[in-house]
>>> print(open('model-v1.txt').read())   # compact mmCIF, N, CA and C atoms
# COMPACT_ATOMS: atom_id res chain seq x y z
N MET C 23 -16.46 -3.41 32.20
CA MET C 23 -16.61 -3.44 30.76
C MET C 23 -16.17 -4.82 30.28
N SER C 24 -16.98 -5.44 29.44
CA SER C 24 -16.66 -6.76 28.93
C SER C 24 -15.50 -6.70 27.93
N SER C 25 -14.88 -7.83 27.66
CA SER C 25 -13.78 -7.87 26.71
C SER C 25 -14.26 -7.52 25.30
N ALA C 26 -15.48 -7.89 24.96
CA ALA C 26 -16.03 -7.53 23.65
C ALA C 26 -16.19 -6.02 23.53
N GLU C 27 -16.64 -5.37 24.62
CA GLU C 27 -16.78 -3.91 24.61
C GLU C 27 -15.41 -3.24 24.53
N GLN C 28 -14.42 -3.79 25.22
CA GLN C 28 -13.06 -3.23 25.16
C GLN C 28 -12.50 -3.35 23.75
N ALA C 29 -12.70 -4.50 23.12
CA ALA C 29 -12.21 -4.70 21.75
C ALA C 29 -12.90 -3.72 20.80
N HIS C 30 -14.20 -3.50 21.00
CA HIS C 30 -14.93 -2.55 20.16
C HIS C 30 -14.39 -1.14 20.36
N ASP C 31 -14.10 -0.75 21.61
CA ASP C 31 -13.56 0.58 21.88
C ASP C 31 -12.20 0.77 21.23
N ARG C 32 -11.33 -0.27 21.27
CA ARG C 32 -10.01 -0.18 20.61
C ARG C 32 -10.18 -0.05 19.11
N ALA C 33 -11.10 -0.82 18.53
CA ALA C 33 -11.32 -0.77 17.09
C ALA C 33 -11.84 0.60 16.67
N ALA C 34 -12.67 1.20 17.51
CA ALA C 34 -13.21 2.52 17.19
C ALA C 34 -12.11 3.58 17.26
N ALA C 35 -11.14 3.40 18.15
CA ALA C 35 -10.08 4.38 18.33
C ALA C 35 -9.00 4.26 17.26
N GLU C 36 -8.76 3.06 16.74
CA GLU C 36 -7.71 2.83 15.76
C GLU C 36 -8.34 2.57 14.40
N PRO C 37 -7.89 3.30 13.37
CA PRO C 37 -8.43 3.01 12.05
C PRO C 37 -7.99 1.61 11.61
N PRO C 38 -8.77 0.94 10.80
CA PRO C 38 -8.41 -0.41 10.38
C PRO C 38 -7.19 -0.37 9.46
N GLU C 39 -6.38 -1.43 9.54
CA GLU C 39 -5.26 -1.53 8.61
C GLU C 39 -5.82 -1.80 7.22
N ARG C 40 -5.42 -1.01 6.25
CA ARG C 40 -5.93 -1.14 4.90
C ARG C 40 -4.95 -1.77 3.93
N VAL C 41 -3.67 -1.76 4.28
CA VAL C 41 -2.66 -2.28 3.35
C VAL C 41 -1.56 -2.98 4.14
N GLY C 42 -1.15 -4.13 3.61
CA GLY C 42 -0.08 -4.91 4.21
C GLY C 42 0.90 -5.35 3.13
N VAL C 43 1.83 -6.20 3.51
CA VAL C 43 2.88 -6.61 2.58
C VAL C 43 3.24 -8.06 2.86
N THR C 44 3.48 -8.85 1.81
CA THR C 44 3.92 -10.23 1.98
C THR C 44 5.41 -10.25 2.31
N ASP C 45 5.88 -11.39 2.81
CA ASP C 45 7.31 -11.54 3.11
C ASP C 45 8.16 -11.34 1.86
N GLU C 46 7.72 -11.91 0.75
CA GLU C 46 8.47 -11.79 -0.51
C GLU C 46 8.54 -10.33 -0.96
N ALA C 47 7.43 -9.62 -0.87
CA ALA C 47 7.44 -8.19 -1.24
C ALA C 47 8.30 -7.39 -0.28
N ALA C 48 8.30 -7.76 1.00
CA ALA C 48 9.14 -7.06 1.98
C ALA C 48 10.62 -7.23 1.63
N ARG C 49 11.01 -8.43 1.18
CA ARG C 49 12.40 -8.64 0.76
C ARG C 49 12.76 -7.72 -0.41
N MET C 50 11.84 -7.59 -1.37
CA MET C 50 12.11 -6.72 -2.52
C MET C 50 12.14 -5.25 -2.09
N ILE C 51 11.28 -4.86 -1.17
CA ILE C 51 11.29 -3.48 -0.66
C ILE C 51 12.62 -3.19 0.03
N ARG C 52 13.12 -4.14 0.82
CA ARG C 52 14.43 -3.94 1.46
C ARG C 52 15.52 -3.77 0.40
N ARG C 53 15.51 -4.60 -0.61
CA ARG C 53 16.52 -4.54 -1.69
C ARG C 53 16.44 -3.20 -2.42
N LEU C 54 15.23 -2.78 -2.76
CA LEU C 54 15.06 -1.50 -3.48
C LEU C 54 15.44 -0.31 -2.60
N THR C 55 15.14 -0.40 -1.31
CA THR C 55 15.52 0.67 -0.39
C THR C 55 17.04 0.78 -0.31
N ASP C 56 17.73 -0.36 -0.26
CA ASP C 56 19.19 -0.35 -0.24
C ASP C 56 19.76 0.32 -1.50
N GLN C 57 19.10 0.11 -2.63
CA GLN C 57 19.57 0.65 -3.91
C GLN C 57 19.18 2.12 -4.12
N HIS C 58 17.97 2.48 -3.70
CA HIS C 58 17.39 3.78 -4.08
C HIS C 58 17.08 4.72 -2.93
N GLY C 59 17.15 4.24 -1.70
CA GLY C 59 16.76 5.07 -0.57
C GLY C 59 15.28 4.89 -0.26
N PRO C 60 14.70 5.79 0.55
CA PRO C 60 13.29 5.66 0.96
C PRO C 60 12.35 5.56 -0.25
N LEU C 61 11.29 4.76 -0.07
CA LEU C 61 10.37 4.45 -1.16
C LEU C 61 8.95 4.91 -0.84
N MET C 62 8.11 4.88 -1.87
CA MET C 62 6.68 5.09 -1.74
C MET C 62 5.97 4.24 -2.79
N PHE C 63 4.70 3.93 -2.56
CA PHE C 63 3.87 3.26 -3.55
C PHE C 63 2.72 4.18 -3.93
N HIS C 64 2.27 4.02 -5.17
CA HIS C 64 1.07 4.71 -5.63
C HIS C 64 0.33 3.79 -6.58
N GLN C 65 -0.98 3.71 -6.41
CA GLN C 65 -1.83 2.94 -7.31
C GLN C 65 -2.86 3.89 -7.87
N SER C 66 -2.79 4.12 -9.17
CA SER C 66 -3.62 5.16 -9.76
C SER C 66 -4.94 4.65 -10.33
N GLY C 67 -5.02 3.41 -10.66
CA GLY C 67 -6.23 2.91 -11.31
C GLY C 67 -6.05 2.95 -12.81
N GLY C 68 -7.14 2.93 -13.51
CA GLY C 68 -7.03 2.90 -14.96
C GLY C 68 -6.96 1.46 -15.42
N CYS C 69 -6.35 1.28 -16.57
CA CYS C 69 -6.26 -0.07 -17.11
C CYS C 69 -4.82 -0.56 -17.09
N CYS C 70 -4.68 -1.82 -17.38
CA CYS C 70 -3.36 -2.45 -17.53
C CYS C 70 -2.50 -2.19 -16.31
N ASP C 71 -1.26 -1.73 -16.52
CA ASP C 71 -0.35 -1.52 -15.39
C ASP C 71 -0.74 -0.34 -14.53
N GLY C 72 -1.65 0.51 -14.99
CA GLY C 72 -2.10 1.63 -14.18
C GLY C 72 -2.84 1.17 -12.94
N SER C 73 -3.33 -0.08 -12.96
CA SER C 73 -4.04 -0.59 -11.79
C SER C 73 -3.12 -1.39 -10.88
N SER C 74 -1.84 -1.45 -11.20
CA SER C 74 -0.85 -2.11 -10.36
C SER C 74 -0.18 -1.09 -9.46
N PRO C 75 0.28 -1.53 -8.28
CA PRO C 75 1.00 -0.58 -7.43
C PRO C 75 2.35 -0.26 -8.05
N MET C 76 2.68 0.99 -8.11
CA MET C 76 3.95 1.44 -8.67
C MET C 76 4.83 1.89 -7.52
N CYS C 77 6.09 1.48 -7.54
CA CYS C 77 7.04 1.80 -6.50
C CYS C 77 8.00 2.87 -7.01
N TYR C 78 8.15 3.93 -6.24
CA TYR C 78 9.01 5.06 -6.62
C TYR C 78 9.91 5.43 -5.44
N GLN C 79 10.94 6.20 -5.74
CA GLN C 79 11.69 6.82 -4.65
C GLN C 79 10.73 7.78 -3.96
N LEU C 80 10.84 7.88 -2.64
CA LEU C 80 9.96 8.75 -1.87
C LEU C 80 10.04 10.17 -2.43
N GLY C 81 8.89 10.74 -2.77
CA GLY C 81 8.82 12.10 -3.28
C GLY C 81 8.96 12.21 -4.79
N GLU C 82 9.31 11.11 -5.47
CA GLU C 82 9.48 11.16 -6.93
C GLU C 82 8.14 11.43 -7.62
N LEU C 83 7.07 10.91 -7.07
CA LEU C 83 5.73 11.16 -7.60
C LEU C 83 5.03 12.09 -6.63
N ARG C 84 4.58 13.19 -7.13
CA ARG C 84 3.86 14.14 -6.26
C ARG C 84 2.43 13.68 -6.07
N THR C 85 2.00 13.70 -4.81
CA THR C 85 0.62 13.37 -4.50
C THR C 85 -0.12 14.66 -4.20
N GLY C 86 -1.44 14.60 -4.31
CA GLY C 86 -2.24 15.79 -4.07
C GLY C 86 -3.60 15.46 -3.51
N ASP C 87 -4.51 16.39 -3.67
CA ASP C 87 -5.86 16.25 -3.11
C ASP C 87 -6.63 15.09 -3.72
N ALA C 88 -6.23 14.63 -4.90
CA ALA C 88 -6.92 13.52 -5.56
C ALA C 88 -6.35 12.17 -5.14
N ASP C 89 -5.46 12.16 -4.14
CA ASP C 89 -4.84 10.92 -3.67
C ASP C 89 -5.18 10.69 -2.20
N VAL C 90 -5.23 9.41 -1.83
CA VAL C 90 -5.55 8.99 -0.47
C VAL C 90 -4.36 8.20 0.07
N LEU C 91 -3.90 8.55 1.25
CA LEU C 91 -2.85 7.79 1.92
C LEU C 91 -3.53 6.63 2.65
N LEU C 92 -3.37 5.41 2.13
CA LEU C 92 -4.03 4.25 2.73
C LEU C 92 -3.31 3.78 3.98
N GLY C 93 -2.02 3.95 4.01
CA GLY C 93 -1.25 3.51 5.16
C GLY C 93 0.23 3.60 4.89
N ARG C 94 0.99 3.19 5.88
CA ARG C 94 2.45 3.18 5.78
C ARG C 94 2.91 1.77 6.12
N LEU C 95 3.60 1.16 5.16
CA LEU C 95 4.05 -0.21 5.33
C LEU C 95 5.28 -0.25 6.24
N ALA C 96 5.15 -0.95 7.35
CA ALA C 96 6.29 -1.15 8.25
C ALA C 96 6.99 -2.42 7.80
N VAL C 97 8.20 -2.27 7.25
CA VAL C 97 8.95 -3.40 6.72
C VAL C 97 10.20 -3.57 7.56
N GLU C 98 10.35 -4.75 8.15
CA GLU C 98 11.52 -5.03 8.97
C GLU C 98 12.79 -4.81 8.15
N GLY C 99 13.73 -4.06 8.73
CA GLY C 99 14.99 -3.78 8.05
C GLY C 99 14.97 -2.51 7.22
N VAL C 100 13.81 -1.85 7.15
CA VAL C 100 13.69 -0.58 6.43
C VAL C 100 13.46 0.50 7.49
N GLY C 101 14.30 1.53 7.46
CA GLY C 101 14.30 2.54 8.52
C GLY C 101 13.00 3.28 8.72
N GLU C 102 12.32 3.63 7.65
CA GLU C 102 11.08 4.39 7.81
C GLU C 102 9.94 3.70 7.06
N PRO C 103 8.73 3.81 7.57
CA PRO C 103 7.59 3.18 6.89
C PRO C 103 7.44 3.70 5.46
N VAL C 104 6.94 2.82 4.60
CA VAL C 104 6.78 3.12 3.18
C VAL C 104 5.32 3.53 2.93
N PRO C 105 5.07 4.80 2.58
CA PRO C 105 3.68 5.22 2.35
C PRO C 105 3.08 4.56 1.12
N PHE C 106 1.80 4.22 1.22
CA PHE C 106 1.06 3.63 0.10
C PHE C 106 -0.12 4.55 -0.21
N TRP C 107 -0.08 5.16 -1.38
CA TRP C 107 -1.09 6.10 -1.84
C TRP C 107 -1.95 5.45 -2.92
N MET C 108 -3.17 5.93 -3.04
CA MET C 108 -4.08 5.49 -4.09
C MET C 108 -4.90 6.68 -4.53
N SER C 109 -5.21 6.73 -5.82
CA SER C 109 -6.07 7.81 -6.29
C SER C 109 -7.44 7.66 -5.63
N SER C 110 -8.07 8.78 -5.31
CA SER C 110 -9.36 8.71 -4.61
C SER C 110 -10.42 8.04 -5.47
N SER C 111 -10.35 8.20 -6.79
CA SER C 111 -11.33 7.53 -7.65
C SER C 111 -11.15 6.01 -7.60
N GLN C 112 -9.91 5.55 -7.52
CA GLN C 112 -9.64 4.12 -7.39
C GLN C 112 -10.08 3.63 -6.02
N PHE C 113 -9.85 4.44 -4.98
CA PHE C 113 -10.24 4.06 -3.64
C PHE C 113 -11.75 3.82 -3.54
N ALA C 114 -12.52 4.56 -4.33
CA ALA C 114 -13.98 4.38 -4.32
C ALA C 114 -14.34 2.93 -4.65
N TYR C 115 -13.56 2.28 -5.50
CA TYR C 115 -13.81 0.88 -5.86
C TYR C 115 -13.23 -0.10 -4.84
N TRP C 116 -12.16 0.27 -4.18
CA TRP C 116 -11.44 -0.64 -3.30
C TRP C 116 -11.72 -0.37 -1.82
N SER C 117 -12.61 0.53 -1.48
CA SER C 117 -12.79 0.97 -0.09
C SER C 117 -13.21 -0.15 0.85
N HIS C 118 -13.80 -1.20 0.35
CA HIS C 118 -14.27 -2.30 1.19
C HIS C 118 -13.24 -3.43 1.31
N THR C 119 -12.02 -3.21 0.77
CA THR C 119 -11.04 -4.27 0.76
C THR C 119 -9.77 -3.92 1.55
N HIS C 120 -9.11 -4.97 2.01
CA HIS C 120 -7.76 -4.86 2.57
C HIS C 120 -6.83 -5.26 1.45
N LEU C 121 -5.80 -4.48 1.19
CA LEU C 121 -4.87 -4.74 0.11
C LEU C 121 -3.56 -5.30 0.66
N THR C 122 -2.99 -6.25 -0.03
CA THR C 122 -1.69 -6.80 0.33
C THR C 122 -0.77 -6.66 -0.87
N VAL C 123 0.36 -5.98 -0.67
CA VAL C 123 1.35 -5.84 -1.72
C VAL C 123 2.13 -7.14 -1.80
N ASP C 124 2.20 -7.70 -3.00
CA ASP C 124 2.95 -8.92 -3.24
C ASP C 124 3.87 -8.68 -4.43
N VAL C 125 4.74 -9.62 -4.72
CA VAL C 125 5.65 -9.50 -5.85
C VAL C 125 5.68 -10.86 -6.56
N VAL C 126 5.68 -10.83 -7.90
CA VAL C 126 5.69 -12.05 -8.70
C VAL C 126 6.70 -11.90 -9.83
N PRO C 127 7.17 -13.03 -10.37
CA PRO C 127 8.07 -12.95 -11.52
C PRO C 127 7.37 -12.32 -12.72
N GLY C 128 8.11 -11.63 -13.54
CA GLY C 128 7.55 -11.00 -14.73
C GLY C 128 7.83 -9.52 -14.72
N ARG C 129 7.64 -8.91 -15.84
CA ARG C 129 7.92 -7.48 -15.94
C ARG C 129 6.64 -6.75 -16.32
N GLY C 130 6.32 -5.77 -15.53
CA GLY C 130 5.25 -4.85 -15.90
C GLY C 130 5.89 -3.73 -16.70
N SER C 131 5.07 -2.90 -17.24
CA SER C 131 5.64 -1.74 -17.94
C SER C 131 5.55 -0.54 -17.01
N GLY C 132 6.22 0.51 -17.37
CA GLY C 132 6.18 1.70 -16.55
C GLY C 132 7.50 1.95 -15.87
N PHE C 133 7.46 2.80 -14.87
CA PHE C 133 8.68 3.26 -14.22
C PHE C 133 8.82 2.75 -12.80
N SER C 134 8.11 1.71 -12.44
CA SER C 134 8.20 1.16 -11.10
C SER C 134 9.60 0.59 -10.88
N LEU C 135 10.18 0.84 -9.72
CA LEU C 135 11.58 0.52 -9.46
C LEU C 135 11.93 -0.96 -9.53
N GLU C 136 10.95 -1.84 -9.36
CA GLU C 136 11.26 -3.27 -9.37
C GLU C 136 11.40 -3.85 -10.78
N ALA C 137 10.97 -3.13 -11.81
CA ALA C 137 10.96 -3.65 -13.18
C ALA C 137 12.31 -4.21 -13.63
N PRO C 138 13.44 -3.54 -13.39
CA PRO C 138 14.72 -4.11 -13.83
C PRO C 138 15.11 -5.40 -13.10
N GLU C 139 14.43 -5.71 -12.01
CA GLU C 139 14.74 -6.90 -11.23
C GLU C 139 14.06 -8.15 -11.79
N GLY C 140 13.24 -7.99 -12.83
CA GLY C 140 12.53 -9.13 -13.43
C GLY C 140 11.31 -9.57 -12.66
N VAL C 141 10.80 -8.68 -11.81
CA VAL C 141 9.59 -8.96 -11.03
C VAL C 141 8.67 -7.74 -11.13
N ARG C 142 7.45 -7.94 -10.63
CA ARG C 142 6.52 -6.81 -10.56
C ARG C 142 5.68 -6.94 -9.30
N PHE C 143 5.37 -5.78 -8.74
CA PHE C 143 4.47 -5.75 -7.59
C PHE C 143 3.04 -5.91 -8.09
N LEU C 144 2.21 -6.52 -7.28
CA LEU C 144 0.78 -6.60 -7.57
C LEU C 144 0.03 -6.56 -6.26
N ILE C 145 -1.27 -6.38 -6.37
CA ILE C 145 -2.14 -6.29 -5.19
C ILE C 145 -2.99 -7.55 -5.09
N ARG C 146 -3.02 -8.08 -3.89
CA ARG C 146 -3.98 -9.14 -3.56
C ARG C 146 -4.97 -8.48 -2.61
N SER C 147 -6.23 -8.81 -2.75
CA SER C 147 -7.23 -8.13 -1.91
C SER C 147 -8.15 -9.14 -1.24
N ARG C 148 -8.71 -8.69 -0.15
CA ARG C 148 -9.74 -9.44 0.57
C ARG C 148 -10.70 -8.42 1.16
N LEU C 149 -11.89 -8.86 1.49
CA LEU C 149 -12.85 -7.96 2.12
C LEU C 149 -12.33 -7.53 3.48
N MET C 150 -12.61 -6.27 3.82
CA MET C 150 -12.23 -5.77 5.15
C MET C 150 -12.95 -6.60 6.20
N ASP C 151 -12.36 -6.67 7.38
CA ASP C 151 -12.99 -7.37 8.48
C ASP C 151 -14.32 -6.72 8.80
N GLU C 152 -15.26 -7.53 9.28
CA GLU C 152 -16.58 -7.02 9.62
C GLU C 152 -16.47 -5.86 10.59
N GLY C 153 -17.19 -4.80 10.34
CA GLY C 153 -17.20 -3.65 11.24
C GLY C 153 -16.18 -2.60 10.87
N ALA C 154 -15.25 -2.91 9.95
CA ALA C 154 -14.25 -1.90 9.55
C ALA C 154 -14.90 -0.88 8.64
N SER C 155 -14.51 0.33 8.80
CA SER C 155 -15.09 1.42 8.04
C SER C 155 -14.63 1.40 6.60
N ALA C 156 -15.52 1.72 5.69
CA ALA C 156 -15.17 1.84 4.27
C ALA C 156 -14.97 3.31 3.90
N GLU C 157 -14.97 4.18 4.90
CA GLU C 157 -14.78 5.60 4.62
C GLU C 157 -13.31 5.88 4.32
N LEU C 158 -13.06 7.04 3.74
CA LEU C 158 -11.68 7.44 3.46
C LEU C 158 -10.89 7.51 4.75
N PRO C 159 -9.67 6.97 4.74
CA PRO C 159 -8.84 7.10 5.94
C PRO C 159 -8.40 8.54 6.13
N PRO C 160 -8.08 8.93 7.36
CA PRO C 160 -7.60 10.30 7.56
C PRO C 160 -6.25 10.48 6.86
N GLN C 161 -6.04 11.64 6.30
CA GLN C 161 -4.77 11.92 5.63
C GLN C 161 -3.68 12.07 6.68
N GLN C 162 -2.54 11.46 6.43
CA GLN C 162 -1.42 11.49 7.37
C GLN C 162 -0.20 11.97 6.62
N ARG C 163 -0.18 13.19 6.22
CA ARG C 163 0.94 13.72 5.43
C ARG C 163 2.08 14.15 6.29
>>> encode(input="model-v1.txt", output="structure tokens")
Amino acid sequence: MSSAEQAHDRAAAEPPERVGVTDEAARMIRRLTDQHGPLMFHQSGGCCDGSSPMCYQLGELRTGDADVLLGRLAVEGVGEPVPFWMSSSQFAYWSHTHLTVDVVPGRGSGFSLEAPEGVRFLIRSRLMDEGASAELPPQQR
């Protein structure tokens, strides 16, 4: 089997990574985890801050059938991966993109845990790598 065929077989067996985190956002996640315990993200869509990723204590926001688990952020120094959820209607628009959680100065509105720190999380996106599926990822609850 050629190396190209082996790479294709691995890609077929592993779902594509849909969400990542910048170093700066990872530092903020570590800080918030130290303050609040395990965390989760949810991006609901809508307008204004509703389209920004919101950070909550794990389990503070209930997810359901209308939400998609895009992935779990592995952040060095954080004991357990941080789940990143998105509403399925929002995922319909973002299904072809890889999302990266970043953090910038400024305050968003809402109840996201980083707001008192004078920063806000935001999403940077790029097109998924060629050949990556745009279908809904399997739920990993």
>>> residues_around(input="model-v1.txt", residues="range 117-124 of chain C", least_positions_apart="2", cutoff="7 Å", atoms="all atoms listed in the file", output="PyMOL selection string")
chain C and resi 39-44+46-48+112-115+126+142-151+155-157
>>> atom_distance(input="model-v1.txt", atom1="atom N of Leu92 in chain C", atom2="atom N of Met62 in chain C")
12.2 Å
>>> atom_distance(input="model-v1.txt", atom1="CA of Pro127 in chain C", atom2="CA of Arg84 in chain C")
27.9 Å
>>> closest_residue(input="model-v1.txt", among="C:Val125, C:Leu135, C:Ala96, C:Met50", to="Gln79 in chain C", atoms="only C-alpha atoms")
C:Leu135
>>> atom_distance(input="model-v1.txt", atom1="CA of Asp56 in chain C", atom2="CA of Glu136 in chain C")
12.4 Å
>>> select_by_dssp(input="model-v1.txt", residues="range 43-153 of chain C", states="strand (DSSP E or B)", output="number ranges by chain")
C: 43, 61-65, 76-79, 89-95, 104-109, 119-127, 141-149
>>> closest_residue(input="model-v1.txt", among="C:Asp89, C:Gly128, C:Pro75, C:Arg94", to="Ser110 in chain C", atoms="all atoms listed in the file")
C:Asp89
